[in-house]
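upload.cif (mmCIF, C-alpha atoms (C1' of nucleotides)) appears below.
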data_protein
#
loop_
_atom_site.label_atom_id
_atom_site.label_comp_id
_atom_site.auth_asym_id
_atom_site.auth_seq_id
_atom_site.Cartn_x
_atom_site.Cartn_y
_atom_site.Cartn_z
CA MET A 12 33.96 -33.68 39.19
CA GLU A 13 37.58 -34.78 39.15
CA ALA A 14 38.67 -37.98 37.37
CA PHE A 15 40.07 -39.05 40.71
CA THR A 16 36.65 -38.96 42.29
CA LEU A 17 35.16 -41.06 39.53
CA LYS A 18 37.86 -43.68 39.97
CA VAL A 19 37.19 -43.79 43.67
CA ILE A 20 33.55 -44.52 42.92
CA GLN A 21 34.41 -47.30 40.49
CA ILE A 22 36.92 -48.88 42.82
CA ILE A 23 34.48 -48.96 45.70
CA LYS A 24 31.80 -50.48 43.51
CA ASN A 25 34.22 -53.28 42.70
CA ILE A 26 34.87 -54.36 46.25
CA PRO A 27 33.41 -57.88 46.51
CA SER A 28 31.11 -58.96 49.27
CA GLY A 29 33.01 -60.27 52.27
CA LYS A 30 36.03 -58.06 51.55
CA VAL A 31 37.03 -54.55 52.61
CA MET A 32 39.39 -51.76 51.52
CA THR A 33 40.91 -48.87 53.47
CA TYR A 34 40.51 -45.19 52.65
CA GLY A 35 44.17 -44.74 51.91
CA GLN A 36 44.33 -47.84 49.78
CA ILE A 37 41.41 -46.68 47.67
CA ALA A 38 42.97 -43.25 47.24
CA ALA A 39 46.22 -44.87 46.14
CA TYR A 40 44.54 -47.07 43.55
CA ALA A 41 42.63 -44.03 42.32
CA GLY A 42 45.90 -42.27 41.65
CA SER A 43 46.50 -40.10 44.69
CA ALA A 44 47.90 -41.94 47.70
CA LYS A 45 47.50 -38.94 49.95
CA ALA A 46 43.89 -38.19 49.19
CA ALA A 47 42.24 -40.49 51.69
CA ARG A 48 40.04 -37.67 52.90
CA GLN A 49 38.50 -37.32 49.48
CA VAL A 50 37.40 -40.92 49.74
CA VAL A 51 35.58 -39.93 52.89
CA ARG A 52 33.70 -37.23 51.05
CA VAL A 53 32.79 -39.55 48.21
CA LEU A 54 31.26 -41.96 50.66
CA HIS A 55 29.28 -39.17 52.25
CA SER A 56 27.97 -37.62 49.08
CA MET A 57 27.84 -40.40 46.51
CA SER A 58 26.99 -43.58 48.39
CA GLU A 59 23.30 -43.41 47.70
CA LYS A 60 23.43 -41.97 44.21
CA TYR A 61 25.91 -44.55 42.96
CA LYS A 62 24.71 -47.35 45.24
CA LEU A 63 28.14 -47.88 46.74
CA PRO A 64 28.92 -50.73 49.16
CA TRP A 65 30.11 -48.05 51.61
CA HIS A 66 30.23 -50.46 54.52
CA ARG A 67 33.18 -52.26 52.92
CA VAL A 68 35.45 -49.29 53.58
CA VAL A 69 37.36 -49.11 56.87
CA ASN A 70 40.39 -47.24 58.17
CA SER A 71 43.99 -48.42 58.05
CA LYS A 72 43.68 -50.16 61.39
CA GLY A 73 40.77 -52.30 60.34
CA HIS A 74 38.42 -50.24 62.47
CA ILE A 75 35.04 -48.92 61.40
CA ALA A 76 35.47 -45.20 60.95
CA ILE A 77 31.99 -43.97 61.81
CA LYS A 78 31.93 -42.06 65.07
CA ASP A 79 28.22 -42.22 65.65
CA TYR A 80 27.46 -45.28 67.81
CA GLU A 81 24.36 -46.33 65.91
CA GLY A 82 25.96 -45.99 62.52
CA HIS A 83 29.02 -47.81 63.75
CA ALA A 84 26.93 -50.76 64.89
CA PHE A 85 25.00 -50.74 61.64
CA GLN A 86 28.11 -51.03 59.51
CA ARG A 87 29.49 -53.80 61.69
CA MET A 88 26.21 -55.64 61.26
CA LEU A 89 26.32 -55.30 57.48
CA LEU A 90 29.86 -56.62 57.31
CA ALA A 91 29.09 -59.46 59.67
CA SER A 92 26.22 -60.46 57.41
CA GLU A 93 28.71 -60.85 54.57
CA GLY A 94 30.93 -63.12 56.57
CA VAL A 95 33.45 -60.58 57.85
CA ASN A 96 34.37 -61.48 61.40
CA PHE A 97 35.34 -58.94 64.03
CA ILE A 98 38.09 -59.49 66.55
CA GLU A 99 36.95 -58.62 70.04
CA ASP A 100 33.85 -57.23 68.35
CA ASP A 101 36.04 -54.26 67.57
CA TYR A 102 38.17 -54.54 64.45
CA ILE A 103 38.75 -56.54 61.28
CA ASP A 104 41.76 -58.71 60.43
CA LEU A 105 42.92 -56.90 57.31
CA LYS A 106 45.38 -59.62 56.36
CA LYS A 107 42.35 -61.76 55.92
CA TYR A 108 39.73 -59.48 54.42
CA LEU A 109 41.59 -56.71 52.60
CA PHE A 110 40.79 -56.63 48.90
CA TYR A 111 43.46 -55.93 46.30
CA PRO A 112 41.93 -54.71 43.00
CA ASP A 113 43.29 -55.91 39.67
CA LEU A 114 45.53 -53.06 38.58
CA PHE A 115 44.71 -53.54 34.91
CA LEU A 116 40.99 -53.66 35.29
CA GLU A 117 40.20 -49.98 35.60
CA SER A 118 39.23 -47.83 32.68
"C1'" DT B 20 39.61 -16.72 44.29
"C1'" DG B 21 40.17 -18.06 49.25
"C1'" DC B 22 38.71 -20.59 53.23
"C1'" DT B 23 36.51 -24.56 55.56
"C1'" DT B 24 35.47 -29.28 55.98
"C1'" DG B 25 36.10 -34.20 56.93
"C1'" DA B 26 33.62 -41.96 58.36
"C1'" DC B 27 41.90 -40.45 56.89
"C1'" DA B 28 47.12 -41.76 57.57
"C1'" DT B 29 51.23 -41.67 60.00
"C1'" DG B 30 54.63 -40.76 63.31
"C1'" DG B 31 55.86 -39.23 68.20
"C1'" DG B 32 55.35 -38.96 72.97
"C1'" DC C 4 46.48 -47.98 73.80
"C1'" DC C 5 45.44 -42.92 73.86
"C1'" DC C 6 46.18 -38.13 72.39
"C1'" DC C 7 48.18 -34.67 69.31
"C1'" DA C 8 50.16 -32.41 65.40
"C1'" DT C 9 50.80 -32.35 60.62
"C1'" DG C 10 50.17 -33.44 55.78
"C1'" DC C 11 46.60 -33.67 52.21
"C1'" DC C 12 43.05 -32.31 48.79
"C1'" DA C 13 38.40 -32.14 46.17
"C1'" DA C 14 34.07 -30.02 46.87
"C1'" DG C 15 31.00 -26.39 48.35
"C1'" DC C 16 30.17 -21.88 49.41
#

Using the file provided, produce a representation of the structure as structure tokens.
Amino acid sequence: MEAFTLKVIQIIKNIPSGKVMTYGQIAAYAGSAKAARQVVRVLHSMSEKYKLPWHRVVNSKGHIAIKDYEGHAFQRMLLASEGVNFIEDDYIDLKKYLFYPDLFLES
DNA sequence: TGCTTGACATGGG
DNA sequence: CCCCATGCCAAGC
């Protein structure tokens, strides 16, 4: 797989509990700011294999991206259990929970 | 090799 | 706030 994909995996694994990152942000830190859609694929295909904290990834608006109602509720529940509060039970305050990785920590 | 597929992002109307 | 078009790009077939 591409080096980019591996970085995405590592970055996601480094998101601390109680914090979140957006697809675009992850793509940017991984080296390709415009590859947000690849982050989506990684979550779909590697979450289980690499035990990724997939629920800590949301879209740029602070909304949960899952379309399926059940899945959507499940992710919101997981985040809530880590202390992430939802405004109007609908979205997250990114200014408060967005995580900014240490730029010099990657390999 | 070429085409399709997304849990996206962003700007306009 | 909603809907739409457009840009993007690795992976799978």

Coordinates of box centre and edge lengths for stretch 21-30 of chain B, 8 Å on every side, axis-aligned, as JSON:
{"center_x": 44.1, "center_y": -30.0, "center_z": 56.3, "size_x": 37.0, "size_y": 39.9, "size_z": 30.1}

Item to complete: Return as a PyMOL selection string the residues belonging to chain B that are within 10 Å of chain A, counting all atoms listed in the file.
Response: chain B and resi 24-28

For C:DC7, please output as a PDB file with C-alpha atoms (C1' of nucleotides), in the frame of the given file all residues within 12 Å (counting all atoms listed in the file; exclusion window: fewer than 5 positions along the same chain).
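Output below, filename around_6.pdb:
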ATOM      1  C1'  DG B  30      54.630 -40.760  63.310  1.00  0.00           C
ATOM      2  C1'  DG B  31      55.860 -39.230  68.200  1.00  0.00           C
ATOM      3  C1'  DG B  32      55.350 -38.960  72.970  1.00  0.00           C
TER       4       DG B  32
END

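The interatomic distance for the pair atom CA of A:Arg87 and atom CA of A:His74 works out to 9.6 Å.
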
Fill in: Computed interatomic separation between atom CA of A:Gly42 and atom C1' of C:DA14 (Å)
17.8 Å

Item to complete: Restrict the distance test to only C-alpha atoms (C1' of nucleotides), flag each residue of chain C within 7 Å of chain A, and return the flagged residues as a PyMOL selection string.
Response: chain C and resi 11-13

Item to complete: Provide the atom CA of A:Met32 to atom CA of A:Phe110 distance in Å, to one decimal place.
Response: 5.7 Å

Discussion item. Taking the file as I've supplied it (selection: the PyMOL selection byres ((chain C and resi 16) around 12)), which residues are included? Please answer as a ChimeraX atom specification.
Written reply: /B:20-24 /C:14-15

Practice prompt. Tell me which of A:Met57, A:Val31, A:Leu109, A:Ile37 sits closest to A:Leu89, counting only C-alpha atoms.
Written response: A:Val31

Worksheet item: Do you know which residues are at most 12 Å from A:Ser92 counting only C-alpha atoms (C1' of nucleotides), after dropping those on the same chain fewer than 5 positions away, and could you put them as a count of residues only?
Response: 9

Which residues are near A:Asn25? Cut-off 9 Å, only C-alpha atoms (C1' of nucleotides), ignore same chain within fewer than 5 positions. Put them as a short mmCIF file (atom, residue, chain, number, x, y, z; two decimals) with C-alpha atoms, keeping the file's coordinate frame.
data_model
loop_
_atom_site.label_atom_id
_atom_site.label_comp_id
_atom_site.auth_asym_id
_atom_site.auth_seq_id
_atom_site.Cartn_x
_atom_site.Cartn_y
_atom_site.Cartn_z
CA ILE A 20 33.55 -44.52 42.92
CA PRO A 64 28.92 -50.73 49.16
CA PRO A 112 41.93 -54.71 43.00
#
